[in-house]
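> Supplied in C-alpha coordinates, the structure appears directly below.
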Amino acid sequence: MTNEKKPQNLEGKLQEAARHTDEQMELTEPSLSYFENLIEEQTALWYRQLWFELTCLWGIAFIFISFLIFSLFYVPFLFVFAQITSIIILIRYFYKERYEMVEMQQ
Amino acid sequence: MDSDLIRRAQGGDEKALAELLKKHYSFIVKYVWKMSGDEQLAYDVTQDTLIKTIQKINQYNHRSKFSTWLIQIATHTYLDYKRKQKRKYELDEKLREEYPRSPVSLESDWHEVQEALWKLEDEHRIPLVLKHYYGYEYTDIAKMTRVKVGTVKSRVHYGLENLRKELRTDDK
(Lines give C-alpha, C1' and ligand atoms only; values in the text may rest on other atoms or scores of the structure.)
Protein backbone atom coordinates (compact mmCIF):
# COMPACT_ATOMS: atom_id res chain seq x y z
CA MET A 1 0.00 0.00 0.00
CA THR A 2 1.54 3.26 -1.05
CA ASN A 3 1.13 6.56 0.71
CA GLU A 4 -0.74 8.03 -2.27
CA LYS A 5 -3.32 5.29 -2.14
CA LYS A 6 -3.90 5.40 1.61
CA PRO A 7 -6.19 8.44 1.79
CA GLN A 8 -8.36 7.11 -1.02
CA ASN A 9 -8.68 3.74 0.72
CA LEU A 10 -9.53 5.35 3.99
CA GLU A 11 -12.22 7.47 2.35
CA GLY A 12 -13.58 4.35 0.71
CA LYS A 13 -13.63 2.59 4.06
CA LEU A 14 -15.43 5.56 5.57
CA GLN A 15 -18.13 5.39 2.91
CA GLU A 16 -18.46 1.65 3.47
CA ALA A 17 -18.71 2.21 7.23
CA ALA A 18 -21.41 4.82 6.65
CA ARG A 19 -23.42 2.45 4.46
CA HIS A 20 -23.10 -0.48 6.86
CA THR A 21 -23.84 1.59 9.97
CA ASP A 22 -26.90 2.97 8.20
CA GLU A 23 -28.13 -0.53 7.39
CA GLN A 24 -27.49 -1.90 10.87
CA MET A 25 -29.22 0.87 12.79
CA GLU A 26 -32.67 -0.24 13.80
CA LEU A 27 -34.81 2.71 14.69
CA THR A 28 -38.10 2.92 16.50
CA GLU A 29 -39.94 5.51 14.49
CA PRO A 30 -42.95 7.07 16.24
CA SER A 31 -46.36 7.27 14.60
CA LEU A 32 -47.75 10.39 12.94
CA SER A 33 -49.90 11.16 15.98
CA TYR A 34 -46.73 11.52 18.08
CA PHE A 35 -45.54 14.33 15.81
CA GLU A 36 -48.99 15.90 15.78
CA ASN A 37 -49.08 15.88 19.59
CA LEU A 38 -45.59 17.34 19.73
CA ILE A 39 -46.63 20.18 17.42
CA GLU A 40 -49.79 20.83 19.45
CA GLU A 41 -47.76 20.83 22.67
CA GLN A 42 -45.22 23.26 21.23
CA THR A 43 -47.91 25.54 19.82
CA ALA A 44 -49.65 25.64 23.23
CA LEU A 45 -46.29 26.36 24.89
CA TRP A 46 -45.63 29.14 22.40
CA TYR A 47 -48.98 30.78 23.13
CA ARG A 48 -48.33 30.47 26.88
CA GLN A 49 -44.95 32.15 26.49
CA LEU A 50 -46.49 34.83 24.31
CA TRP A 51 -49.10 35.64 26.99
CA PHE A 52 -46.44 35.70 29.68
CA GLU A 53 -44.24 38.06 27.65
CA LEU A 54 -47.17 40.33 26.83
CA THR A 55 -48.18 40.42 30.50
CA CYS A 56 -44.62 41.34 31.49
CA LEU A 57 -44.53 44.03 28.83
CA TRP A 58 -47.81 45.56 29.97
CA GLY A 59 -46.69 45.34 33.61
CA ILE A 60 -43.49 47.24 32.87
CA ALA A 61 -45.41 49.78 30.76
CA PHE A 62 -47.89 50.31 33.62
CA ILE A 63 -45.07 50.90 36.12
CA PHE A 64 -43.41 53.42 33.83
CA ILE A 65 -46.66 55.26 33.08
CA SER A 66 -47.46 55.40 36.81
CA PHE A 67 -44.01 56.77 37.55
CA LEU A 68 -44.46 59.37 34.81
CA ILE A 69 -47.79 60.53 36.25
CA PHE A 70 -46.24 60.71 39.72
CA SER A 71 -43.32 62.77 38.38
CA LEU A 72 -45.59 65.17 36.46
CA PHE A 73 -47.66 65.76 39.57
CA TYR A 74 -44.82 66.24 42.02
CA VAL A 75 -42.18 67.95 39.91
CA PRO A 76 -43.65 71.49 40.52
CA PHE A 77 -43.50 70.83 44.26
CA LEU A 78 -39.88 69.76 43.95
CA PHE A 79 -39.19 72.98 42.03
CA VAL A 80 -40.82 75.16 44.70
CA PHE A 81 -38.94 73.26 47.42
CA ALA A 82 -35.64 73.85 45.61
CA GLN A 83 -36.45 77.58 45.23
CA ILE A 84 -37.28 78.00 48.93
CA THR A 85 -34.14 76.12 49.98
CA SER A 86 -31.92 78.27 47.76
CA ILE A 87 -33.54 81.48 49.07
CA ILE A 88 -32.94 80.37 52.71
CA ILE A 89 -29.29 79.54 51.89
CA LEU A 90 -28.82 82.94 50.20
CA ILE A 91 -30.40 84.84 53.11
CA ARG A 92 -28.14 82.97 55.56
CA TYR A 93 -25.13 83.76 53.40
CA PHE A 94 -25.89 87.49 53.20
CA TYR A 95 -26.67 87.64 56.91
CA LYS A 96 -23.35 85.91 57.72
CA GLU A 97 -21.43 88.19 55.36
CA ARG A 98 -23.03 91.29 56.82
CA TYR A 99 -22.23 90.14 60.36
CA GLU A 100 -18.55 89.53 59.44
CA MET A 101 -18.34 92.99 57.81
CA VAL A 102 -19.70 94.65 60.98
CA GLU A 103 -17.12 92.77 63.07
CA MET A 104 -14.27 93.89 60.80
CA GLN A 105 -15.42 97.53 60.92
CA GLN A 106 -15.39 97.46 64.71
CA MET B 1 -43.13 16.99 -2.58
CA ASP B 2 -40.94 18.24 0.25
CA SER B 3 -41.18 21.86 -0.80
CA ASP B 4 -44.97 21.59 -0.98
CA LEU B 5 -45.08 20.15 2.54
CA ILE B 6 -42.70 22.85 3.79
CA ARG B 7 -44.79 25.64 2.27
CA ARG B 8 -47.94 24.22 3.81
CA ALA B 9 -46.17 23.81 7.14
CA GLN B 10 -44.95 27.41 6.97
CA GLY B 11 -48.51 28.47 6.24
CA GLY B 12 -49.63 26.95 9.54
CA ASP B 13 -50.74 23.49 8.39
CA GLU B 14 -49.89 21.31 11.41
CA LYS B 15 -50.68 18.09 9.57
CA ALA B 16 -48.15 18.95 6.86
CA LEU B 17 -45.55 19.80 9.49
CA ALA B 18 -46.17 16.49 11.26
CA GLU B 19 -45.74 14.62 7.98
CA LEU B 20 -42.57 16.53 7.24
CA LEU B 21 -41.09 15.73 10.64
CA LYS B 22 -42.05 12.06 10.38
CA LYS B 23 -40.44 11.88 6.97
CA HIS B 24 -37.12 13.21 8.25
CA TYR B 25 -37.14 11.61 11.69
CA SER B 26 -34.97 8.57 10.80
CA PHE B 27 -32.58 10.74 8.87
CA ILE B 28 -31.91 12.94 11.92
CA VAL B 29 -31.62 10.03 14.38
CA LYS B 30 -29.21 8.19 12.09
CA TYR B 31 -27.13 11.30 11.54
CA VAL B 32 -26.77 12.06 15.26
CA TRP B 33 -26.23 8.39 16.07
CA LYS B 34 -23.48 8.08 13.46
CA MET B 35 -21.95 11.31 14.65
CA SER B 36 -22.09 10.60 18.37
CA GLY B 37 -22.10 6.82 18.63
CA ASP B 38 -24.66 7.10 21.42
CA GLU B 39 -28.14 5.80 20.67
CA GLN B 40 -29.91 7.46 23.59
CA LEU B 41 -28.21 10.77 22.91
CA ALA B 42 -29.27 10.46 19.27
CA TYR B 43 -32.95 10.18 20.29
CA ASP B 44 -32.64 13.05 22.79
CA VAL B 45 -30.92 15.34 20.32
CA THR B 46 -33.48 14.41 17.65
CA GLN B 47 -36.32 15.30 20.02
CA ASP B 48 -34.78 18.74 20.62
CA THR B 49 -34.07 19.16 16.92
CA LEU B 50 -37.73 18.48 16.15
CA ILE B 51 -38.83 21.06 18.71
CA LYS B 52 -36.48 23.65 17.24
CA THR B 53 -37.74 22.78 13.75
CA ILE B 54 -41.35 23.35 14.87
CA GLN B 55 -40.39 26.69 16.42
CA LYS B 56 -38.29 27.89 13.48
CA ILE B 57 -40.01 26.39 10.45
CA ASN B 58 -40.83 29.88 9.18
CA GLN B 59 -37.14 30.79 9.22
CA TYR B 60 -36.33 28.14 6.60
CA ASN B 61 -35.65 30.11 3.41
CA HIS B 62 -35.58 27.32 0.76
CA ARG B 63 -32.03 28.28 -0.28
CA SER B 64 -30.51 25.00 0.88
CA LYS B 65 -32.02 21.53 1.05
CA PHE B 66 -34.37 20.95 3.97
CA SER B 67 -32.22 18.02 5.13
CA THR B 68 -29.17 20.31 5.17
CA TRP B 69 -31.06 22.76 7.34
CA LEU B 70 -32.06 19.94 9.68
CA ILE B 71 -28.48 18.69 9.90
CA GLN B 72 -27.39 22.20 10.81
CA ILE B 73 -29.92 22.37 13.65
CA ALA B 74 -29.06 18.83 14.80
CA THR B 75 -25.32 19.56 14.82
CA HIS B 76 -25.75 22.67 16.95
CA THR B 77 -28.18 20.91 19.27
CA TYR B 78 -25.69 18.07 19.67
CA LEU B 79 -22.85 20.49 20.44
CA ASP B 80 -25.07 22.27 22.99
CA TYR B 81 -25.80 18.93 24.64
CA LYS B 82 -22.10 18.14 24.82
CA ARG B 83 -21.36 21.53 26.29
CA LYS B 84 -24.05 21.04 28.92
CA GLN B 85 -23.02 17.54 29.81
CA LYS B 86 -19.30 18.38 29.97
CA ARG B 87 -18.44 14.77 30.06
CA LYS B 88 -16.25 12.72 27.85
CA TYR B 89 -18.15 11.03 25.12
CA GLU B 90 -18.49 7.26 25.46
CA LEU B 91 -18.68 4.64 22.80
CA ASP B 92 -22.02 3.10 22.14
CA GLU B 93 -21.51 -0.26 23.81
CA LYS B 94 -24.77 -1.59 22.53
CA LEU B 95 -23.80 -1.10 18.91
CA ARG B 96 -20.37 -2.57 19.56
CA GLU B 97 -21.76 -5.71 21.16
CA GLU B 98 -24.49 -6.13 18.63
CA TYR B 99 -22.15 -6.33 15.67
CA PRO B 100 -19.10 -8.38 16.65
CA ARG B 101 -15.74 -7.83 15.04
CA SER B 102 -15.10 -9.61 11.80
CA PRO B 103 -11.62 -10.95 10.95
CA VAL B 104 -9.19 -8.10 10.33
CA SER B 105 -9.54 -7.11 6.74
CA LEU B 106 -9.23 -3.60 5.38
CA GLU B 107 -12.19 -3.98 3.03
CA SER B 108 -14.76 -5.49 5.43
CA ASP B 109 -13.76 -4.04 8.76
CA TRP B 110 -16.22 -1.18 8.61
CA HIS B 111 -17.15 -1.20 12.26
CA GLU B 112 -13.52 -0.65 13.24
CA VAL B 113 -13.55 2.46 11.10
CA GLN B 114 -16.79 3.51 12.76
CA GLU B 115 -15.37 2.94 16.23
CA ALA B 116 -12.17 4.79 15.37
CA LEU B 117 -14.27 7.64 14.04
CA TRP B 118 -16.21 7.84 17.30
CA LYS B 119 -12.95 8.13 19.21
CA LEU B 120 -12.09 11.38 17.41
CA GLU B 121 -12.78 14.80 18.86
CA ASP B 122 -16.07 16.45 17.86
CA GLU B 123 -14.33 19.16 15.87
CA HIS B 124 -12.73 16.53 13.62
CA ARG B 125 -15.50 13.96 13.63
CA ILE B 126 -18.39 16.23 12.63
CA PRO B 127 -16.80 17.59 9.43
CA LEU B 128 -15.56 14.09 8.57
CA VAL B 129 -19.04 12.60 8.91
CA LEU B 130 -20.56 15.41 6.87
CA LYS B 131 -17.90 15.17 4.19
CA HIS B 132 -17.40 11.43 3.80
CA TYR B 133 -20.67 9.97 5.07
CA TYR B 134 -23.04 12.51 3.57
CA GLY B 135 -20.89 13.90 0.77
CA TYR B 136 -21.40 17.57 1.57
CA GLU B 137 -19.14 20.20 0.02
CA TYR B 138 -16.69 22.08 2.22
CA THR B 139 -18.66 25.30 1.75
CA ASP B 140 -21.87 23.61 2.96
CA ILE B 141 -20.08 22.14 5.99
CA ALA B 142 -18.61 25.56 6.75
CA LYS B 143 -22.12 27.06 6.76
CA MET B 144 -23.52 24.22 8.86
CA THR B 145 -20.79 24.37 11.49
CA ARG B 146 -20.31 28.15 11.27
CA VAL B 147 -16.58 28.03 10.66
CA LYS B 148 -14.42 29.13 7.73
CA VAL B 149 -14.00 26.86 4.70
CA GLY B 150 -10.24 26.67 5.33
CA THR B 151 -10.87 25.53 8.89
CA VAL B 152 -13.22 22.80 7.66
CA LYS B 153 -10.63 21.60 5.15
CA SER B 154 -7.91 21.44 7.78
CA ARG B 155 -10.22 19.70 10.26
CA VAL B 156 -11.16 17.07 7.69
CA HIS B 157 -7.48 16.63 6.86
CA TYR B 158 -6.42 16.26 10.51
CA GLY B 159 -9.46 14.11 11.18
CA LEU B 160 -8.37 11.71 8.46
CA GLU B 161 -4.82 11.74 9.82
CA ASN B 162 -6.04 10.95 13.34
CA LEU B 163 -8.34 8.27 12.01
CA ARG B 164 -5.45 6.70 10.16
CA LYS B 165 -3.36 6.76 13.36
CA GLU B 166 -6.25 5.31 15.36
CA LEU B 167 -6.74 2.46 12.91
CA ARG B 168 -3.01 1.74 12.89
CA THR B 169 -3.04 1.63 16.71
CA ASP B 170 -6.00 -0.71 16.71
CA ASP B 171 -4.33 -3.05 14.27
CA LYS B 172 -1.36 -3.54 16.59
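Ordered as shown in the C-alpha coordinates, chains take letters A, B, and onward, while each chain numbers its residues from 1 and ligands are numbered from 1 in the order shown.
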With chain B as the partner and 6 Å as the cut-off, tabulate the residues of chain A that qualify, each row holding the nearest pair of atoms and their distance in Å to one decimal, using only C-alpha atoms, sorted by chain and rising number, as JSON lines.


```
{"residue": "A:Gln15", "atom": "CA", "partner": "B:Tyr133", "partner_atom": "CA", "distance": 5.7}
{"residue": "A:Ala17", "atom": "CA", "partner": "B:Trp110", "partner_atom": "CA", "distance": 4.4}
{"residue": "A:Ala18", "atom": "CA", "partner": "B:Tyr133", "partner_atom": "CA", "distance": 5.4}
{"residue": "A:Phe35", "atom": "CA", "partner": "B:Ala18", "partner_atom": "CA", "distance": 5.1}
{"residue": "A:Glu36", "atom": "CA", "partner": "B:Ala18", "partner_atom": "CA", "distance": 5.4}
```

> Taking the backbone alone, and naming residues the way the document does, which bits of segment 28-168 of chain B are helix (DSSP H, G or I) by DSSP, as JSON, numbers by chain?

{"B": [28, 29, 30, 31, 32, 33, 34, 35, 36, 39, 40, 41, 42, 43, 44, 45, 46, 47, 48, 49, 50, 51, 52, 53, 54, 55, 56, 57, 58, 59, 66, 67, 68, 69, 70, 71, 72, 73, 74, 75, 76, 77, 78, 79, 80, 81, 82, 83, 84, 85, 93, 94, 95, 96, 97, 98, 110, 111, 112, 113, 114, 115, 116, 117, 118, 119, 122, 123, 124, 125, 126, 127, 128, 129, 130, 131, 132, 133, 138, 139, 140, 141, 142, 143, 144, 145, 149, 150, 151, 152, 153, 154, 155, 156, 157, 158, 159, 160, 161, 162, 163, 164, 165, 166, 167, 168]}

> Between atom CA of Val45 of chain B and atom CA of Glu23 of chain A, what is the distance in Å, rounded to a tenth?

20.7 Å

> Here is a test: counting only C-alpha atoms, which residue of B:Gly11, B:Ser154, B:Asp48, B:Gly37 is nearest to Lys119 of chain B?

B:Gly37

> Would you mind reading off the distance between atom CA of Gly159 of chain B and atom CA of His124 of chain B, one decimal, in Å?

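Between atom CA of Gly159 of chain B and atom CA of His124 of chain B the gap works out to 4.7 Å.
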
> Expressed in Å to a single decimal, how great is the separation between atom CA of Asn58 of chain B and atom CA of Gln10 of chain B?

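Value for the atom CA of Asn58 of chain B-atom CA of Gln10 of chain B distance: 5.3 Å.
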
> Out of B:Lys143, B:Val152, B:Trp118, B:Leu79, which residue has the shortest atom-to-atom distance to Leu14 of chain A when counting only C-alpha atoms?

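Answer, going by the shortest atom-to-atom distance: B:Trp118.
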
> Taking only C-alpha atoms into account, name the residue in B:Met35, B:Ser3, B:Met144, B:Gln85 that is nearest to Thr21 of chain A.

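Distance minimum relative to Thr21 of chain A lands on B:Met35.
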